[in-house]
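Visitor: To start, I am sharing the structure in question, which I have written as structure tokens.
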Amino acid sequence: MSMAVRCFDQALPAALGLLAEQFAPLAEKERPEMTIVRDAFGGLFVVLPDDALPDTAAWQALAARLHATLGRYSPGERRVLLAVGDLIDANDVLASADRVRLPDVPHTWLVDRLQTNQDWLRTPLGARPPLPTAVAFSIKGGVGRTTACALWAWFLAREGRDVVVVDLDIESPGLAGVLLSDEWLPDYGLVDWLVESLRAPPDELLLNECLSDCTLAHDAPGRIRVLPAYGKKTRDYINKLGRVYMPSASADGAVVLGIAERLWQLLEQLARLPAPPDAVLLDSRAGLHDISSAVITRLSAQVFLFARDDPASWQAYGLLFRHLSQARSVQWGMPDDDLRWRLAMVVAQADIAESTRQRARMRCYETWQPLYDDENDENDEQSVAAGAAAHTSASAEERMANDDERAARVFALDEDGPHQPLFIAFDTRLRTIDLADAAARPDWQTIAPTFAAFFDAATERLLRASERDGDA
């Protein structure tokens with residue numbers, strides 16, 4: 001008998017190996033559907049159809065083997081293997097929103113019971129958001145995401161659009177400092193709204209008390225309203241922050257409401273305002289976090305993934321994309337509602353040299369490979385580099401020698417593919433800007449050369465998606 005597993009990473013492969021051995025004598029089409037449930041502490045149990053094994057002795061024998069193999073990651077010999085009929089609520093497992101197919105393992109599903117980051121693999125809450133919605137996200141901080149989001153709002157207001165900008169970086173609020181002076185802060189902010197939403201959907205009065213007009217748009221044909229993380233009358237901010245991620249229940253108790261569902265309610269309430277905005281820009285917090293998972297995968301928003309062209313950024317995005325490849329909204333053939341069409345890379349603080357941008361496109365494409373693997377044929381998969389980590393492990397000479405070959409493959413692809421990045425050039429004049437102070441604010445002629453291409457492409461994506469969804 002093999003030695004019991006010693007760590008989290010060994011438990012799932014060990015269980016899969018044992019199950020593969022158990023059912024190897026069966027033809028593939030005769031093998032049962034298997035669901036593995038992994039609890040918050042990494043423990044596993046297996047659920048099989050009631051007729052998966054011939055008799056009680058076979059069930060007991062397989063349970064004993066699983067228990068011995070999983071060791072401390074087994075919940076016990078009597079609970080490590082269950083038939084569907086043994087479950088108190090079969091739908092809690094078999095119809096779980098978190099049940100995803102395991103790649104390269106036929107007939108096998110995984111339900112991961114996570115304490116945080118549960119939304120990454122779930123399906124969107126609706127086919128389109130209540131309002132045209134864009135998300136600015138970065139996996140690492142310091143890439144100019146908040147600045148770009150604020151300036152985009154100004155661009156849209158100059159184009160005659162009514163925009164609401166929401167500060168979702170609630171652990172490190174910053175958007176209000178860019179767009180609002182102290183006297184223009186509203187009474188309350190997003191954290192107040194989220195806490196009240198734990199009890200029941202907040203009324204429109206509170207939402208209005210969380211919004212403030214931004215003077216940046218006072219001379220523009222459009223309008224900017226800001227929903228900051230906090231307001232002038234906000235109290236106990238840290239205490240509220242510790243509550244906003246808690247799940248709550250709908251009024252009838254039938255639906256569990258997490259942060260994604262409450263943010264969807266916020267968009268619905270914004271859409272019901274007497275003067276609803278034309279677009280909502282969500283400045284997400286950086287990193288792999290509950291808010292990030294909610295806004296990227298659950299709101300059907302257009303998502304702009306900010307990065308610098310450096311090894312740390314590509315490696316971190318590689319981790320995210322490998323996980324997202326298992327999402328239910330990532331579908332073979334990339335239909336129109338596939339998550340990947342709603343994602344756009346933004347290489348910020350970029351060098352203006354075309355040769356440097358060409359290398360950034362190549363690295364972006366390589367980082368996207370986990371999200372494209374099912375779309376490639378076997379020969380193409382064998383020819384594609386392993387990803388950004390492999391690229392950065394090579395010497396500088398080796399990287400340069402392979403750049404042309406890899407870049408040629410990138411440019412042979414559809415130029416509109418979601419891996420093709422937008423660029424924002426590095427401009428020292430815009431590293432720290434104060435848009436709330438008219439005297440310190442840079443003029444538009446300073447901003448436009450750096451951001452114009454991004455503004456045009458991002459706006460076209462946002463409005464095109466809205467028009468397409470409106471026709472659906």
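Here, A, B, ... name the chains of the structure tokens in the order displayed, residue numbers run from 1 inside each chain, and ligands are numbered from 1 in the same displayed order.
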Write out as a list in words the residues lying within 6 Å of region 103-119 of chain A, counting only C-alpha atoms and excluding same-chain residues fewer than 3 positions away.

Guide: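 Close residues of region 103-119 of chain A: Glu33, Met34, Thr35, Ile36, Val37, Arg38, Asp39, Ala40, Asp98, Arg99, Val100, Arg122, His289, Asp290, Ser293 and Ala294 of chain A.
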
Visitor: Could you pull out the residues in region 128-331 of chain A that DSSP calls helix (DSSP H, G or I) from the backbone, as a PyMOL selection string?

Guide: chain A and resi 145-158+175-179+182-184+190-197+204-210+215-217+237-241+259-271+290-297+311-324

Visitor: Emit the selected residues as a PDB file, in the first residue's frame, including C-alpha atoms.

Guide:
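Result went into selection_15.pdb, see below:
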ATOM      1  CA  ARG A 145      -4.529  51.784 -12.564  1.00  0.00           C
ATOM      2  CA  THR A 146      -6.384  54.335 -10.416  1.00  0.00           C
ATOM      3  CA  THR A 147      -4.922  57.263 -12.344  1.00  0.00           C
ATOM      4  CA  ALA A 148      -5.981  55.698 -15.651  1.00  0.00           C
ATOM      5  CA  CYS A 149      -9.483  55.025 -14.309  1.00  0.00           C
ATOM      6  CA  ALA A 150      -9.876  58.620 -13.107  1.00  0.00           C
ATOM      7  CA  LEU A 151      -8.592  60.091 -16.359  1.00  0.00           C
ATOM      8  CA  TRP A 152     -10.846  57.791 -18.385  1.00  0.00           C
ATOM      9  CA  ALA A 153     -13.809  59.154 -16.444  1.00  0.00           C
ATOM     10  CA  TRP A 154     -12.684  62.674 -17.401  1.00  0.00           C
ATOM     11  CA  PHE A 155     -12.384  61.616 -21.045  1.00  0.00           C
ATOM     12  CA  LEU A 156     -15.916  60.183 -21.021  1.00  0.00           C
ATOM     13  CA  ALA A 157     -17.291  63.366 -19.421  1.00  0.00           C
ATOM     14  CA  ARG A 158     -15.565  65.425 -22.112  1.00  0.00           C
ATOM     15  CA  LEU A 175      -9.738  57.218  -5.753  1.00  0.00           C
ATOM     16  CA  ALA A 176     -11.317  59.968  -3.645  1.00  0.00           C
ATOM     17  CA  GLY A 177      -7.897  61.499  -3.092  1.00  0.00           C
ATOM     18  CA  VAL A 178      -7.424  61.748  -6.859  1.00  0.00           C
ATOM     19  CA  LEU A 179     -10.886  63.046  -7.797  1.00  0.00           C
ATOM     20  CA  ASP A 182     -12.148  67.048   1.274  1.00  0.00           C
ATOM     21  CA  GLU A 183     -15.038  69.496   0.967  1.00  0.00           C
ATOM     22  CA  TRP A 184     -16.493  67.514  -1.918  1.00  0.00           C
ATOM     23  CA  LEU A 190     -19.150  52.267  -0.420  1.00  0.00           C
ATOM     24  CA  VAL A 191     -18.264  50.568   2.855  1.00  0.00           C
ATOM     25  CA  ASP A 192     -21.303  52.148   4.511  1.00  0.00           C
ATOM     26  CA  TRP A 193     -23.524  50.973   1.638  1.00  0.00           C
ATOM     27  CA  LEU A 194     -22.107  47.434   1.766  1.00  0.00           C
ATOM     28  CA  VAL A 195     -22.600  47.126   5.519  1.00  0.00           C
ATOM     29  CA  GLU A 196     -26.213  48.275   5.275  1.00  0.00           C
ATOM     30  CA  SER A 197     -26.784  45.794   2.451  1.00  0.00           C
ATOM     31  CA  GLU A 204     -31.980  55.212  -2.694  1.00  0.00           C
ATOM     32  CA  LEU A 205     -31.487  57.936  -0.084  1.00  0.00           C
ATOM     33  CA  LEU A 206     -28.331  56.258   1.236  1.00  0.00           C
ATOM     34  CA  LEU A 207     -26.994  55.777  -2.286  1.00  0.00           C
ATOM     35  CA  ASN A 208     -27.435  59.484  -2.997  1.00  0.00           C
ATOM     36  CA  GLU A 209     -25.604  60.252   0.250  1.00  0.00           C
ATOM     37  CA  CYS A 210     -22.705  58.097  -0.998  1.00  0.00           C
ATOM     38  CA  THR A 215     -15.499  69.276 -10.157  1.00  0.00           C
ATOM     39  CA  LEU A 216     -13.236  67.812 -12.833  1.00  0.00           C
ATOM     40  CA  ALA A 217     -16.254  67.662 -15.155  1.00  0.00           C
ATOM     41  CA  TYR A 237     -14.397  52.223   9.065  1.00  0.00           C
ATOM     42  CA  ILE A 238     -12.134  49.327  10.098  1.00  0.00           C
ATOM     43  CA  ASN A 239     -14.969  47.620  11.964  1.00  0.00           C
ATOM     44  CA  LYS A 240     -17.199  47.913   8.895  1.00  0.00           C
ATOM     45  CA  LEU A 241     -14.393  46.668   6.665  1.00  0.00           C
ATOM     46  CA  ILE A 259     -19.956  40.453  -2.249  1.00  0.00           C
ATOM     47  CA  ALA A 260     -20.661  39.797  -5.965  1.00  0.00           C
ATOM     48  CA  GLU A 261     -24.427  39.707  -5.466  1.00  0.00           C
ATOM     49  CA  ARG A 262     -24.372  42.904  -3.410  1.00  0.00           C
ATOM     50  CA  LEU A 263     -22.283  44.721  -6.010  1.00  0.00           C
ATOM     51  CA  TRP A 264     -24.820  43.594  -8.625  1.00  0.00           C
ATOM     52  CA  GLN A 265     -27.549  45.134  -6.424  1.00  0.00           C
ATOM     53  CA  LEU A 266     -25.508  48.342  -6.329  1.00  0.00           C
ATOM     54  CA  LEU A 267     -25.415  48.457 -10.142  1.00  0.00           C
ATOM     55  CA  GLU A 268     -29.180  47.809 -10.244  1.00  0.00           C
ATOM     56  CA  GLN A 269     -29.776  50.663  -7.828  1.00  0.00           C
ATOM     57  CA  LEU A 270     -27.580  53.014  -9.868  1.00  0.00           C
ATOM     58  CA  ALA A 271     -29.625  52.053 -12.941  1.00  0.00           C
ATOM     59  CA  ASP A 290     -12.643  38.456  -3.063  1.00  0.00           C
ATOM     60  CA  ILE A 291     -13.517  41.815  -4.605  1.00  0.00           C
ATOM     61  CA  SER A 292     -11.308  41.090  -7.603  1.00  0.00           C
ATOM     62  CA  SER A 293     -12.896  37.695  -8.207  1.00  0.00           C
ATOM     63  CA  ALA A 294     -16.392  39.162  -7.908  1.00  0.00           C
ATOM     64  CA  VAL A 295     -15.918  42.037 -10.350  1.00  0.00           C
ATOM     65  CA  ILE A 296     -13.848  40.131 -12.918  1.00  0.00           C
ATOM     66  CA  THR A 297     -16.031  37.043 -13.317  1.00  0.00           C
ATOM     67  CA  PRO A 311       8.630  39.210 -14.789  1.00  0.00           C
ATOM     68  CA  ALA A 312       6.718  39.637 -11.522  1.00  0.00           C
ATOM     69  CA  SER A 313       3.581  40.854 -13.309  1.00  0.00           C
ATOM     70  CA  TRP A 314       3.559  38.090 -15.939  1.00  0.00           C
ATOM     71  CA  GLN A 315       4.249  35.353 -13.411  1.00  0.00           C
ATOM     72  CA  ALA A 316       1.419  36.569 -11.171  1.00  0.00           C
ATOM     73  CA  TYR A 317      -1.031  36.785 -14.093  1.00  0.00           C
ATOM     74  CA  GLY A 318       0.052  33.283 -15.089  1.00  0.00           C
ATOM     75  CA  LEU A 319      -1.146  32.006 -11.701  1.00  0.00           C
ATOM     76  CA  LEU A 320      -4.504  33.704 -12.207  1.00  0.00           C
ATOM     77  CA  PHE A 321      -4.979  32.492 -15.779  1.00  0.00           C
ATOM     78  CA  ARG A 322      -4.195  28.887 -14.872  1.00  0.00           C
ATOM     79  CA  HIS A 323      -6.960  29.071 -12.282  1.00  0.00           C
ATOM     80  CA  LEU A 324      -9.405  30.877 -14.589  1.00  0.00           C
TER      81      LEU A 324
END

Visitor: Counting only C-alpha atoms, which of A:Arg235, A:Arg298, A:Arg223, A:Arg243 gets nearest to Pro124 (chain A)?

Guide: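 When distances to Pro124 (chain A) are compared using only C-alpha atoms, the smallest one comes from A:Arg298.
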
Visitor: From a DSSP calculation on the backbone, collect every residue of region 85-173 of chain A in strand (DSSP E) and output the set as a ChimeraX atom specification.

Guide: /A:99-101,108-112,133-138,162-168

Visitor: Please provide as a ChimeraX atom specification all residues within 9 Å of Leu257 (chain A), with the sequence filter that same-chain residues fewer than 4 positions apart are discarded (counting only C-alpha atoms).

Guide: /A:198,246-250,261-262

Visitor: Would you work out the distance separating CA of Leu343 (chain A) from CA of His419 (chain A), expressed in Å to one decimal?

Guide: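 According to the coordinates, CA of Leu343 (chain A) and CA of His419 (chain A) are separated by 8.2 Å.
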
Visitor: Between A:Phe304, A:Trp332, A:Tyr372, A:Phe455, which has the minimum distance to Met345 (chain A) (counting only C-alpha atoms)?

Guide: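 Going through A:Phe304, A:Trp332, A:Tyr372, A:Phe455 one by one, the smallest distance to Met345 (chain A) is for A:Phe304.
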
Visitor: Which residues are near Ala440 (chain A)? Cut-off 12 Å, only C-alpha atoms, ignore same chain within fewer than 5 positions. Put them as a ChimeraX atom specification.

Guide: /A:178,216,429-430,432-435

Visitor: Fewer than 6 positions away in the same chain doesn't count, so skip those; otherwise give me all residues within 8 Å of Val143 (chain A), counting only C-alpha atoms, as an MDAnalysis selection string.

Guide: chainID A and resid 306:308 348:349

Visitor: Next, the residues of the selection above should be written as a short mmCIF file (atom, residue, chain, number, x, y, z; two decimals), in the first residue's frame with N, CA, C and O atoms.

Guide:
data_model
loop_
_atom_site.label_atom_id
_atom_site.label_comp_id
_atom_site.auth_asym_id
_atom_site.auth_seq_id
_atom_site.Cartn_x
_atom_site.Cartn_y
_atom_site.Cartn_z
N PHE A 306 -4.45 45.54 -15.76
CA PHE A 306 -3.26 46.39 -15.85
C PHE A 306 -2.02 45.61 -15.40
O PHE A 306 -2.06 44.86 -14.42
N ALA A 307 -0.93 45.85 -16.11
CA ALA A 307 0.33 45.21 -15.76
C ALA A 307 1.48 46.06 -16.26
O ALA A 307 1.34 46.81 -17.23
N ARG A 308 2.62 45.94 -15.61
CA ARG A 308 3.87 46.42 -16.16
C ARG A 308 4.54 45.25 -16.89
O ARG A 308 4.32 44.09 -16.55
N ALA A 348 0.88 49.10 -18.83
CA ALA A 348 0.99 50.49 -18.39
C ALA A 348 2.45 50.85 -18.14
O ALA A 348 3.31 49.98 -17.99
N GLN A 349 2.69 52.15 -18.11
CA GLN A 349 4.05 52.67 -17.91
C GLN A 349 4.99 52.04 -18.93
O GLN A 349 6.10 51.62 -18.62
#

Visitor: Hey, what's within 8 Å of region 4-11 of chain A if we count only C-alpha atoms and toss same-chain stuff fewer than 5 positions away? As an MDAnalysis selection string, please?

Guide: chainID A and resid 42 44 68:73

Visitor: Just checking: using only C-alpha atoms, which residue out of A:Asp236, A:Asp443, A:Asp351, A:Glu366 ends up closest to Phe423 (chain A)?

Guide: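 Comparing A:Asp236, A:Asp443, A:Asp351, A:Glu366 against Phe423 (chain A), the winner is A:Asp351.
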
Visitor: To one decimal place in Å, what is the distance between CA of Arg357 (chain A) and CA of Gly144 (chain A)?

Guide: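 CA of Gly144 (chain A) lies 17.7 Å from CA of Arg357 (chain A).
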
Visitor: What does the distance between CA of Gly17 (chain A) and CA of Trp59 (chain A) come to in Å, to one decimal place?

Guide: 17.0 Å
